[in-house]
file model-v9.cif (mmCIF, C-alpha atoms and all ligand atoms)
data_start
loop_
_atom_site.group_PDB
_atom_site.id
_atom_site.type_symbol
_atom_site.label_atom_id
_atom_site.label_comp_id
_atom_site.auth_asym_id
_atom_site.auth_seq_id
_atom_site.Cartn_x
_atom_site.Cartn_y
_atom_site.Cartn_z
ATOM 1 C CA MET A 109 183.463 33.971 52.572
ATOM 2 C CA ALA A 110 180.591 32.123 50.882
ATOM 3 C CA LEU A 111 177.425 33.851 49.639
ATOM 4 C CA VAL A 112 174.913 34.358 52.452
ATOM 5 C CA SER A 113 171.136 34.555 52.799
ATOM 6 C CA MET A 114 169.626 38.012 53.330
ATOM 7 C CA ASN A 115 168.766 36.842 56.843
ATOM 8 C CA ASP A 116 172.435 37.265 57.683
ATOM 9 C CA PHE A 117 172.040 41.046 57.552
ATOM 10 C CA LEU A 118 168.423 42.207 57.088
ATOM 11 C CA PRO A 119 167.251 41.652 60.698
ATOM 12 C CA LYS A 120 170.204 43.760 61.860
ATOM 13 C CA ALA A 121 169.327 46.463 59.326
ATOM 14 C CA LYS A 122 165.727 46.637 60.529
ATOM 15 C CA ALA A 123 166.827 46.852 64.157
ATOM 16 C CA GLY A 124 169.499 49.448 63.361
ATOM 17 C CA LYS A 125 167.210 51.547 61.129
ATOM 18 C CA TYR A 126 169.348 51.452 58.016
ATOM 19 C CA ALA A 127 168.879 49.792 54.639
ATOM 20 C CA VAL A 128 170.986 47.338 52.664
ATOM 21 C CA GLY A 129 171.286 48.056 48.950
ATOM 22 C CA GLN A 130 170.345 45.637 46.237
ATOM 23 C CA PHE A 131 172.476 46.596 43.250
ATOM 24 C CA ASN A 132 171.655 44.787 40.053
ATOM 25 C CA MET A 133 174.379 42.886 38.263
ATOM 26 C CA ASN A 134 174.186 43.164 34.482
ATOM 27 C CA ASN A 135 177.716 42.150 33.547
ATOM 28 C CA LEU A 136 181.195 41.710 35.012
ATOM 29 C CA GLU A 137 181.880 45.451 35.258
ATOM 30 C CA PHE A 138 178.696 46.009 37.302
ATOM 31 C CA ALA A 139 179.662 43.181 39.643
ATOM 32 C CA GLN A 140 183.184 44.542 40.084
ATOM 33 C CA ALA A 141 182.030 48.121 40.643
ATOM 34 C CA ILE A 142 179.455 47.090 43.255
ATOM 35 C CA VAL A 143 181.842 44.953 45.274
ATOM 36 C CA GLU A 144 184.659 47.538 45.063
ATOM 37 C CA ALA A 145 182.349 50.226 46.482
ATOM 38 C CA ALA A 146 181.193 47.869 49.254
ATOM 39 C CA ILE A 147 184.775 46.906 50.148
ATOM 40 C CA GLU A 148 185.712 50.588 50.501
ATOM 41 C CA LEU A 149 182.766 51.199 52.823
ATOM 42 C CA ASN A 150 182.715 47.805 54.556
ATOM 43 C CA SER A 151 179.062 47.219 53.743
ATOM 44 C CA PRO A 152 176.893 44.155 53.204
ATOM 45 C CA PHE A 153 174.983 44.162 49.903
ATOM 46 C CA ILE A 154 172.765 42.177 47.592
ATOM 47 C CA TYR A 155 173.502 41.374 43.968
ATOM 48 C CA GLY A 156 170.115 41.509 42.252
ATOM 49 C CA VAL A 157 169.816 39.503 39.047
ATOM 50 C CA SER A 158 166.732 39.837 36.878
ATOM 51 C CA GLU A 159 165.629 37.031 34.587
ATOM 52 C CA GLY A 160 166.748 39.156 31.626
ATOM 53 C CA ALA A 161 170.212 39.649 33.127
ATOM 54 C CA LEU A 162 170.371 35.934 33.882
ATOM 55 C CA LYS A 163 169.692 35.150 30.231
ATOM 56 C CA TYR A 164 172.331 37.683 29.175
ATOM 57 C CA MET A 165 175.121 36.546 31.522
ATOM 58 C CA GLY A 166 174.291 32.836 31.836
ATOM 59 C CA ILE A 167 173.537 31.291 35.218
ATOM 60 C CA GLU A 168 176.973 29.682 35.660
ATOM 61 C CA PHE A 169 178.868 32.932 35.030
ATOM 62 C CA THR A 170 176.461 34.830 37.293
ATOM 63 C CA VAL A 171 177.021 32.507 40.253
ATOM 64 C CA ALA A 172 180.775 32.260 39.640
ATOM 65 C CA ILE A 173 181.160 36.055 39.532
ATOM 66 C CA ALA A 174 179.154 36.537 42.756
ATOM 67 C CA GLU A 175 181.089 33.774 44.515
ATOM 68 C CA ALA A 176 184.378 35.344 43.422
ATOM 69 C CA ALA A 177 183.226 38.718 44.812
ATOM 70 C CA ALA A 178 182.275 37.134 48.154
ATOM 71 C CA LYS A 179 185.580 35.282 48.382
ATOM 72 C CA LYS A 180 187.679 38.303 47.437
ATOM 73 C CA SER A 181 185.852 40.771 49.692
ATOM 74 C CA GLY A 182 185.014 38.680 52.754
ATOM 75 C CA LEU A 183 181.780 40.714 52.918
ATOM 76 C CA PRO A 184 178.300 39.305 53.563
ATOM 77 C CA ILE A 185 176.882 39.230 50.020
ATOM 78 C CA ALA A 186 173.564 37.705 48.948
ATOM 79 C CA LEU A 187 172.995 36.619 45.356
ATOM 80 C CA HIS A 188 169.308 37.294 44.804
ATOM 81 C CA LEU A 189 166.933 36.528 41.932
ATOM 82 C CA ASP A 190 165.101 39.793 41.187
ATOM 83 C CA HIS A 191 161.392 39.646 40.230
ATOM 84 C CA GLY A 192 161.385 35.862 39.771
ATOM 85 C CA SER A 193 158.304 34.939 37.774
ATOM 86 C CA SER A 194 157.809 31.269 38.705
ATOM 87 C CA PHE A 195 158.541 28.535 41.225
ATOM 88 C CA GLU A 196 160.651 26.819 38.532
ATOM 89 C CA VAL A 197 162.974 29.748 37.886
ATOM 90 C CA ALA A 198 163.430 30.259 41.638
ATOM 91 C CA MET A 199 164.388 26.584 42.080
ATOM 92 C CA LYS A 200 166.738 26.719 39.089
ATOM 93 C CA CYS A 201 168.563 29.661 40.695
ATOM 94 C CA ILE A 202 168.739 27.979 44.107
ATOM 95 C CA ARG A 203 170.131 24.800 42.571
ATOM 96 C CA ALA A 204 172.770 26.865 40.738
ATOM 97 C CA GLY A 205 173.958 28.571 43.955
ATOM 98 C CA PHE A 206 171.755 31.645 44.552
ATOM 99 C CA SER A 207 171.437 32.414 48.262
ATOM 100 C CA SER A 208 168.198 34.375 47.951
ATOM 101 C CA VAL A 209 165.206 34.686 45.619
ATOM 102 C CA MET A 210 162.343 37.059 45.003
ATOM 103 C CA PHE A 211 159.052 35.615 43.897
ATOM 104 C CA ASP A 212 157.044 38.365 42.240
ATOM 105 C CA GLY A 213 153.460 37.161 42.194
ATOM 106 C CA SER A 214 152.064 40.694 42.080
ATOM 107 C CA HIS A 215 150.319 40.082 38.745
ATOM 108 C CA TYR A 216 148.308 37.190 40.253
ATOM 109 C CA SER A 217 145.235 37.569 42.436
ATOM 110 C CA PHE A 218 145.957 38.200 46.127
ATOM 111 C CA GLU A 219 145.073 34.631 47.147
ATOM 112 C CA GLU A 220 147.061 33.090 44.294
ATOM 113 C CA ASN A 221 150.071 35.293 45.092
ATOM 114 C CA ILE A 222 149.948 34.000 48.695
ATOM 115 C CA ARG A 223 149.626 30.386 47.572
ATOM 116 C CA LEU A 224 152.536 30.551 45.107
ATOM 117 C CA THR A 225 154.801 32.578 47.415
ATOM 118 C CA LYS A 226 154.214 30.038 50.213
ATOM 119 C CA GLU A 227 155.436 27.236 47.948
ATOM 120 C CA VAL A 228 158.640 29.142 47.172
ATOM 121 C CA VAL A 229 159.190 29.962 50.874
ATOM 122 C CA LYS A 230 158.737 26.312 51.879
ATOM 123 C CA ALA A 231 161.270 25.030 49.344
ATOM 124 C CA ALA A 232 163.758 27.893 49.799
ATOM 125 C CA ARG A 233 163.709 27.763 53.599
ATOM 126 C CA ALA A 234 164.645 24.072 53.541
ATOM 127 C CA MET A 235 167.806 25.091 51.717
ATOM 128 C CA GLY A 236 168.666 28.127 53.861
ATOM 129 C CA VAL A 237 167.720 30.529 51.084
ATOM 130 C CA SER A 238 165.874 33.786 51.845
ATOM 131 C CA VAL A 239 162.729 34.909 50.013
ATOM 132 C CA GLU A 240 161.296 38.315 49.103
ATOM 133 C CA GLY A 241 157.629 38.613 48.147
ATOM 134 C CA GLU A 242 155.795 41.421 46.371
ATOM 135 C CA LEU A 243 152.414 42.999 46.857
ATOM 136 C CA GLY A 244 150.823 45.744 44.789
ATOM 137 C CA THR A 245 152.173 46.648 41.366
ATOM 138 C CA ILE A 246 155.291 48.749 40.911
ATOM 139 C CA GLY A 247 155.093 50.956 37.813
ATOM 140 C CA GLY A 248 157.724 51.592 35.146
ATOM 141 C CA VAL A 249 159.899 49.353 32.995
ATOM 142 C CA GLU A 250 162.507 46.786 34.006
ATOM 143 C CA ASP A 251 163.718 44.305 31.403
ATOM 144 C CA ASP A 252 160.638 42.584 30.004
ATOM 145 C CA ILE A 253 158.357 43.763 32.816
ATOM 146 C CA SER A 254 156.480 46.920 31.950
ATOM 147 C CA VAL A 255 153.661 48.394 34.030
ATOM 148 C CA ASP A 256 152.018 51.683 32.982
ATOM 149 C CA GLU A 257 150.893 54.281 35.537
ATOM 150 C CA GLU A 258 147.296 53.274 35.205
ATOM 151 C CA HIS A 259 147.993 49.666 36.232
ATOM 152 C CA ALA A 260 150.446 50.426 39.013
ATOM 153 C CA ASN A 261 148.490 50.061 42.222
ATOM 154 C CA LEU A 262 149.533 50.718 45.775
ATOM 155 C CA ALA A 263 149.651 47.961 48.375
ATOM 156 C CA LYS A 264 146.948 47.960 51.036
ATOM 157 C CA PRO A 265 148.499 47.717 54.529
ATOM 158 C CA GLU A 266 145.938 45.137 55.832
ATOM 159 C CA GLU A 267 146.634 42.923 52.815
ATOM 160 C CA ALA A 268 150.400 43.327 53.163
ATOM 161 C CA ILE A 269 150.230 42.292 56.829
ATOM 162 C CA ARG A 270 148.110 39.250 56.003
ATOM 163 C CA PHE A 271 150.449 38.410 53.110
ATOM 164 C CA TYR A 272 153.399 38.394 55.514
ATOM 165 C CA GLU A 273 151.569 36.350 58.157
ATOM 166 C CA GLU A 274 150.544 33.679 55.658
ATOM 167 C CA THR A 275 153.737 33.430 53.631
ATOM 168 C CA GLY A 276 156.500 34.108 56.179
ATOM 169 C CA VAL A 277 158.687 35.908 53.614
ATOM 170 C CA ASP A 278 162.003 37.330 54.826
ATOM 171 C CA CYS A 279 161.297 40.795 53.401
ATOM 172 C CA LEU A 280 158.352 42.295 51.613
ATOM 173 C CA ALA A 281 158.284 44.566 48.568
ATOM 174 C CA ILE A 282 155.181 46.706 48.561
ATOM 175 C CA ALA A 283 154.107 49.213 45.937
ATOM 176 C CA VAL A 284 154.254 52.620 47.659
ATOM 177 C CA GLY A 285 154.576 54.986 44.711
ATOM 178 C CA THR A 286 158.090 54.380 43.349
ATOM 179 C CA ALA A 287 158.640 53.053 39.826
ATOM 180 C CA HIS A 288 161.317 51.221 37.853
ATOM 181 C CA GLY A 289 163.428 53.368 35.513
ATOM 182 C CA MET A 290 164.061 57.117 35.836
ATOM 183 C CA TYR A 291 161.308 59.514 36.934
ATOM 184 C CA ALA A 292 160.004 62.346 34.787
ATOM 185 C CA GLY A 293 159.223 64.338 37.949
ATOM 186 C CA GLU A 294 159.470 63.282 41.595
ATOM 187 C CA PRO A 295 157.873 60.098 42.928
ATOM 188 C CA ASN A 296 154.964 60.388 45.312
ATOM 189 C CA ILE A 297 155.978 57.968 48.050
ATOM 190 C CA HIS A 298 153.313 56.898 50.523
ATOM 191 C CA PHE A 299 155.340 56.842 53.749
ATOM 192 C CA ASP A 300 152.189 56.097 55.741
ATOM 193 C CA ILE A 301 151.838 52.727 53.964
ATOM 194 C CA ILE A 302 155.483 51.854 54.669
ATOM 195 C CA GLU A 303 155.055 52.758 58.332
ATOM 196 C CA ALA A 304 151.775 50.907 58.834
ATOM 197 C CA VAL A 305 153.188 47.707 57.320
ATOM 198 C CA SER A 306 156.630 47.928 58.881
ATOM 199 C CA LYS A 307 155.226 48.433 62.389
ATOM 200 C CA ALA A 308 153.081 45.315 62.083
ATOM 201 C CA ILE A 309 155.617 42.837 60.678
ATOM 202 C CA PRO A 310 159.064 41.821 61.975
ATOM 203 C CA VAL A 311 160.817 41.848 58.584
ATOM 204 C CA PRO A 312 161.887 44.866 56.517
ATOM 205 C CA VAL A 313 159.867 46.509 53.790
ATOM 206 C CA VAL A 314 161.650 46.625 50.419
ATOM 207 C CA LEU A 315 161.694 49.731 48.244
ATOM 208 C CA HIS A 316 161.904 48.938 44.524
ATOM 209 C CA GLY A 317 162.564 51.664 41.984
ATOM 210 C CA GLY A 318 165.250 53.286 44.148
ATOM 211 C CA SER A 319 166.942 55.111 41.236
ATOM 212 C CA GLY A 320 166.257 58.828 41.016
ATOM 213 C CA VAL A 321 164.487 59.030 44.379
ATOM 214 C CA PRO A 322 165.593 62.246 46.142
ATOM 215 C CA ASP A 323 167.906 61.615 49.124
ATOM 216 C CA GLU A 324 165.469 63.091 51.617
ATOM 217 C CA MET A 325 162.724 60.683 50.502
ATOM 218 C CA ILE A 326 165.125 57.758 50.870
ATOM 219 C CA ARG A 327 165.913 58.861 54.452
ATOM 220 C CA LYS A 328 162.212 59.191 55.246
ATOM 221 C CA SER A 329 161.507 55.745 53.744
ATOM 222 C CA ILE A 330 164.204 54.167 55.908
ATOM 223 C CA ALA A 331 162.878 55.944 59.004
ATOM 224 C CA ALA A 332 159.424 54.556 58.137
ATOM 225 C CA GLY A 333 160.708 50.970 57.966
ATOM 226 C CA VAL A 334 162.415 50.268 54.646
ATOM 227 C CA GLY A 335 165.394 47.920 55.145
ATOM 228 C CA LYS A 336 166.288 46.988 51.558
ATOM 229 C CA ILE A 337 166.476 49.347 48.580
ATOM 230 C CA ASN A 338 166.862 48.301 44.943
ATOM 231 C CA VAL A 339 168.982 50.288 42.508
ATOM 232 C CA ASN A 340 169.669 49.401 38.899
ATOM 233 C CA THR A 341 168.845 52.229 36.503
ATOM 234 C CA GLU A 342 171.226 54.792 38.046
ATOM 235 C CA ASN A 343 174.142 52.423 37.488
ATOM 236 C CA GLN A 344 172.985 51.724 33.931
ATOM 237 C CA VAL A 345 172.812 55.460 33.231
ATOM 238 C CA ALA A 346 176.240 56.134 34.785
ATOM 239 C CA CYS A 347 177.794 53.269 32.822
ATOM 240 C CA THR A 348 176.291 54.232 29.477
ATOM 241 C CA GLU A 349 176.918 57.977 29.833
ATOM 242 C CA SER A 350 180.547 57.297 30.624
ATOM 243 C CA ILE A 351 180.968 54.988 27.617
ATOM 244 C CA ARG A 352 179.207 57.502 25.351
ATOM 245 C CA ALA A 353 181.487 60.311 26.544
ATOM 246 C CA ALA A 354 184.633 58.221 26.019
ATOM 247 C CA LEU A 355 183.607 57.221 22.497
ATOM 248 C CA ASN A 356 182.557 60.750 21.585
ATOM 249 C CA LYS A 357 185.887 62.084 22.814
ATOM 250 C CA ASP A 358 187.950 59.660 20.772
ATOM 251 C CA ALA A 359 186.296 57.966 17.807
ATOM 252 C CA LYS A 360 189.393 55.815 17.259
ATOM 253 C CA ILE A 361 189.045 53.809 20.504
ATOM 254 C CA TYR A 362 188.686 50.084 19.868
ATOM 255 C CA ASP A 363 189.969 48.527 23.110
ATOM 256 C CA PRO A 364 186.877 48.006 25.334
ATOM 257 C CA ARG A 365 189.026 48.440 28.443
ATOM 258 C CA LYS A 366 189.533 52.081 27.467
ATOM 259 C CA TYR A 367 185.839 52.883 27.909
ATOM 260 C CA LEU A 368 184.806 50.170 30.386
ATOM 261 C CA THR A 369 187.387 51.284 32.969
ATOM 262 C CA PRO A 370 185.882 54.793 33.363
ATOM 263 C CA ALA A 371 182.380 53.277 33.162
ATOM 264 C CA ARG A 372 183.222 50.998 36.075
ATOM 265 C CA SER A 373 184.633 53.934 38.060
ATOM 266 C CA ALA A 374 181.427 55.898 37.447
ATOM 267 C CA MET A 375 179.382 53.005 38.864
ATOM 268 C CA ILE A 376 181.662 52.734 41.907
ATOM 269 C CA GLU A 377 180.795 56.356 42.710
ATOM 270 C CA VAL A 378 177.040 55.716 42.336
ATOM 271 C CA VAL A 379 177.141 52.645 44.596
ATOM 272 C CA LYS A 380 179.291 54.385 47.212
ATOM 273 C CA SER A 381 176.890 57.308 47.415
ATOM 274 C CA LYS A 382 173.910 54.936 47.819
ATOM 275 C CA ILE A 383 175.620 52.863 50.533
ATOM 276 C CA GLN A 384 176.372 56.070 52.441
ATOM 277 C CA LEU A 385 172.822 57.322 52.001
ATOM 278 C CA PHE A 386 171.311 53.985 53.068
ATOM 279 C CA GLY A 387 173.490 53.953 56.213
ATOM 280 C CA SER A 388 174.987 50.481 55.717
ATOM 281 C CA SER A 389 178.657 51.561 55.826
ATOM 282 C CA ASN A 390 180.660 49.599 58.411
ATOM 283 C CA GLN A 391 177.810 47.143 58.973
ATOM 284 C CA ALA A 392 179.547 44.153 57.309
HETATM 285 O O1 LIG A 401 164.224 45.424 41.026
HETATM 286 C C1 LIG A 401 165.022 46.330 40.714
HETATM 287 C C2 LIG A 401 164.836 47.711 41.119
HETATM 288 O O2 LIG A 401 163.560 47.910 41.630
HETATM 289 C C3 LIG A 401 165.311 48.699 40.080
HETATM 290 O O3 LIG A 401 164.848 49.998 40.287
HETATM 291 O O4 LIG A 401 164.967 50.991 38.006
HETATM 292 O O5 LIG A 401 164.798 52.422 40.027
HETATM 293 O O6 LIG A 401 166.882 51.199 39.546
HETATM 294 P P1 LIG A 401 165.412 51.201 39.422
HETATM 295 ZN ZN ZN A 402 162.113 46.022 41.137
#
call {"tool": "encode", "arguments": {"input": "model-v9.cif", "output": "structure tokens"}}
result
Amino acid sequence: MALVSMNDFLPKAKAGKYAVGQFNMNNLEFAQAIVEAAIELNSPFIYGVSEGALKYMGIEFTVAIAEAAAKKSGLPIALHLDHGSSFEVAMKCIRAGFSSVMFDGSHYSFEENIRLTKEVVKAARAMGVSVEGELGTIGGVEDDISVDEEHANLAKPEEAIRFYEETGVDCLAIAVGTAHGMYAGEPNIHFDIIEAVSKAIPVPVVLHGGSGVPDEMIRKSIAAGVGKINVNTENQVACTESIRAALNKDAKIYDPRKYLTPARSAMIEVVKSKIQLFGSSNQA
């Protein structure tokens, strides 16, 4: 099967009140772990690729790995640019074979964010590629994007609704209190914002910063209208902890397969638990 747009599965997720996971791909082992977990549970999923990860892996390898996963699994998989910073980078990804892009204009003014997102939607739609927009600022650190608590601001429902109506995005990330990276305490998620926006627009709300969010809060977010949830940090932690443990146990290891194999297995377990929690098992 070829890579698909998120429109192949997100409308069904919104109607069925479950969420599809976006799991970020940082290297081959991440990609393999994510698709293995999804095959076991027969779930659609999204490979998220940040601009930093794109630089690290190279665009050709990124697309080739995702295409190989789609072909091998037969699952509906979207290859999605995560937090794309410009029209140019979105177009570069689409030309290379991405089936979906996020344009993150949250650091622009509201009007400018609408204007730029509309341009991406117009170009992407013509090529059958789905688009995610972002409103409000999500706190925390992801790659080169760092937003401190003080500058993270929640989305206003009226603005989010207008943003959707003017841009026509296929899903909408709104800042509701989650953050990138791990939490020191528990996040304070504003379910009322999710509900107000989700009720008023036909497309799903996206929850960024999905790592470390307690299961019950994830369930409540989905019930309130979240249809796509992003997870990266929990896989990074599982991968690195496993490698650290393997190297600490045997300082003589030099074959990377000896520590990358358990690291990959650890990520499979993380992704499987998220797919089950999000309710997308057997929805492929
Ligand atoms: O865009 C990616 C996700 O929002 C990552 O969130 O750091 O909580 O895994 P996370
Ligand atoms: Zn994010």
call {"tool": "residues_around", "arguments": {"input": "model-v9.cif", "residues": "Lys200 of chain A", "least_positions_apart": "2", "cutoff": "12 Å", "atoms": "only C-alpha atoms", "output": "ChimeraX atom specification"}}
result
/A:159,162,167-168,171,189,192-198,202-209,228,231-232
call {"tool": "write_last_selection", "arguments": {"input": "model-v9.cif", "atoms": "C-alpha atoms", "output": "PDB file, keeping the file's coordinate frame"}}
result
ATOM      1  CA  GLU A 159     165.629  37.031  34.587  1.00  0.00           C
ATOM      2  CA  LEU A 162     170.371  35.934  33.882  1.00  0.00           C
ATOM      3  CA  ILE A 167     173.537  31.291  35.218  1.00  0.00           C
ATOM      4  CA  GLU A 168     176.973  29.682  35.660  1.00  0.00           C
ATOM      5  CA  VAL A 171     177.021  32.507  40.253  1.00  0.00           C
ATOM      6  CA  LEU A 189     166.933  36.528  41.932  1.00  0.00           C
ATOM      7  CA  GLY A 192     161.385  35.862  39.771  1.00  0.00           C
ATOM      8  CA  SER A 193     158.304  34.939  37.774  1.00  0.00           C
ATOM      9  CA  SER A 194     157.809  31.269  38.705  1.00  0.00           C
ATOM     10  CA  PHE A 195     158.541  28.535  41.225  1.00  0.00           C
ATOM     11  CA  GLU A 196     160.651  26.819  38.532  1.00  0.00           C
ATOM     12  CA  VAL A 197     162.974  29.748  37.886  1.00  0.00           C
ATOM     13  CA  ALA A 198     163.430  30.259  41.638  1.00  0.00           C
ATOM     14  CA  ILE A 202     168.739  27.979  44.107  1.00  0.00           C
ATOM     15  CA  ARG A 203     170.131  24.800  42.571  1.00  0.00           C
ATOM     16  CA  ALA A 204     172.770  26.865  40.738  1.00  0.00           C
ATOM     17  CA  GLY A 205     173.958  28.571  43.955  1.00  0.00           C
ATOM     18  CA  PHE A 206     171.755  31.645  44.552  1.00  0.00           C
ATOM     19  CA  SER A 207     171.437  32.414  48.262  1.00  0.00           C
ATOM     20  CA  SER A 208     168.198  34.375  47.951  1.00  0.00           C
ATOM     21  CA  VAL A 209     165.206  34.686  45.619  1.00  0.00           C
ATOM     22  CA  VAL A 228     158.640  29.142  47.172  1.00  0.00           C
ATOM     23  CA  ALA A 231     161.270  25.030  49.344  1.00  0.00           C
ATOM     24  CA  ALA A 232     163.758  27.893  49.799  1.00  0.00           C
TER      25      ALA A 232
END
call {"tool": "resolve_selection", "arguments": {"input": "model-v9.cif", "expression": "the PyMOL selection byres (((not hetatm)) within 7 of (chain A and resi 402))", "output": "ChimeraX atom specification"}}
result
/A:190-191,288,316-317,338
call {"tool": "closest_residue", "arguments": {"input": "model-v9.cif", "among": "A:Val345, A:Leu280, A:Ala127, A:Ala292", "to": "Lys382 of chain A", "atoms": "all atoms listed in the file"}}
result
A:Ala127
call {"tool": "residues_around", "arguments": {"input": "model-v9.cif", "residues": "Val313 of chain A", "least_positions_apart": "3", "cutoff": "8 Å", "atoms": "only C-alpha atoms", "output": "JSON, numbers by chain"}}
result
{"A": [279, 280, 281, 282, 302, 305, 306, 333, 334, 335, 336]}
call {"tool": "closest_residue", "arguments": {"input": "model-v9.cif", "among": "A:Ala354, A:Ile309, A:Met290, A:Val277", "to": "ligand LIG 401 (chain A)", "atoms": "all atoms listed in the file"}}
result
A:Met290
call {"tool": "residues_near_ligand", "arguments": {"input": "model-v9.cif", "ligand": "ligand LIG 401 (chain A)", "cutoff": "10 Å", "atoms": "all atoms listed in the file", "output": "PyMOL selection string"}}
result
chain A and resi 130-132+156-158+189-191+210+246-251+281+286-291+314-321+337-345
call {"tool": "closest_residue", "arguments": {"input": "model-v9.cif", "among": "A:Thr245, A:Phe386, A:Ser113, A:Lys120", "to": "Val311 of chain A", "atoms": "all atoms listed in the file"}}
result
A:Lys120
call {"tool": "residues_near_point", "arguments": {"input": "model-v9.cif", "point": "(162.0, 59.9, 50.3)", "cutoff": "10 Å", "atoms": "all atoms listed in the file", "output": "PyMOL selection string"}}
result
chain A and resi 286+294-299+318+321-332
call {"tool": "decode", "arguments": {"input": "model-v9.cif", "residues": "segment 202-213 of chain A", "atoms": "N, CA, C and O atoms", "output": "CSV table (one decimal), in the first residue's frame"}}
result
chain,number,residue,atom,x,y,z
A,202,ILE,N,6.4,17.7,0.3
A,202,ILE,CA,5.4,17.2,-0.6
A,202,ILE,C,6.0,16.7,-1.9
A,202,ILE,O,5.7,15.6,-2.3
A,203,ARG,N,6.9,17.5,-2.4
A,203,ARG,CA,7.6,17.0,-3.7
A,203,ARG,C,8.4,15.7,-3.4
A,203,ARG,O,8.5,14.9,-4.3
A,204,ALA,N,8.9,15.6,-2.2
A,204,ALA,CA,9.7,14.4,-2.0
A,204,ALA,C,8.9,13.1,-1.7
A,204,ALA,O,9.4,12.0,-1.7
A,205,GLY,N,7.6,13.3,-1.4
A,205,GLY,CA,6.7,12.1,-1.2
A,205,GLY,C,5.9,12.1,0.1
A,205,GLY,O,5.3,11.1,0.4
A,206,PHE,N,6.0,13.2,0.9
A,206,PHE,CA,5.2,13.2,2.1
A,206,PHE,C,3.7,13.3,1.7
A,206,PHE,O,3.3,13.9,0.7
A,207,SER,N,2.9,12.6,2.5
A,207,SER,CA,1.5,12.6,2.2
A,207,SER,C,0.7,13.6,3.1
A,207,SER,O,-0.5,13.7,3.0
A,208,SER,N,1.4,14.3,4.0
A,208,SER,CA,0.7,15.2,4.9
A,208,SER,C,1.7,16.2,5.5
A,208,SER,O,2.9,15.8,5.6
A,209,VAL,N,1.3,17.4,5.8
A,209,VAL,CA,2.2,18.4,6.4
A,209,VAL,C,1.5,19.1,7.5
A,209,VAL,O,0.3,19.4,7.4
A,210,MET,N,2.3,19.6,8.4
A,210,MET,CA,1.8,20.5,9.4
A,210,MET,C,2.5,21.9,9.1
A,210,MET,O,3.7,21.9,8.9
A,211,PHE,N,1.7,22.9,9.1
A,211,PHE,CA,2.3,24.2,9.0
A,211,PHE,C,2.0,24.9,10.4
A,211,PHE,O,0.9,25.1,10.8
A,212,ASP,N,3.1,25.1,11.1
A,212,ASP,CA,3.0,25.7,12.4
A,212,ASP,C,3.3,27.2,12.4
A,212,ASP,O,4.4,27.6,12.5
A,213,GLY,N,2.2,27.9,12.2
A,213,GLY,CA,2.3,29.4,12.2
A,213,GLY,C,2.0,30.1,13.5
A,213,GLY,O,1.7,31.2,13.5
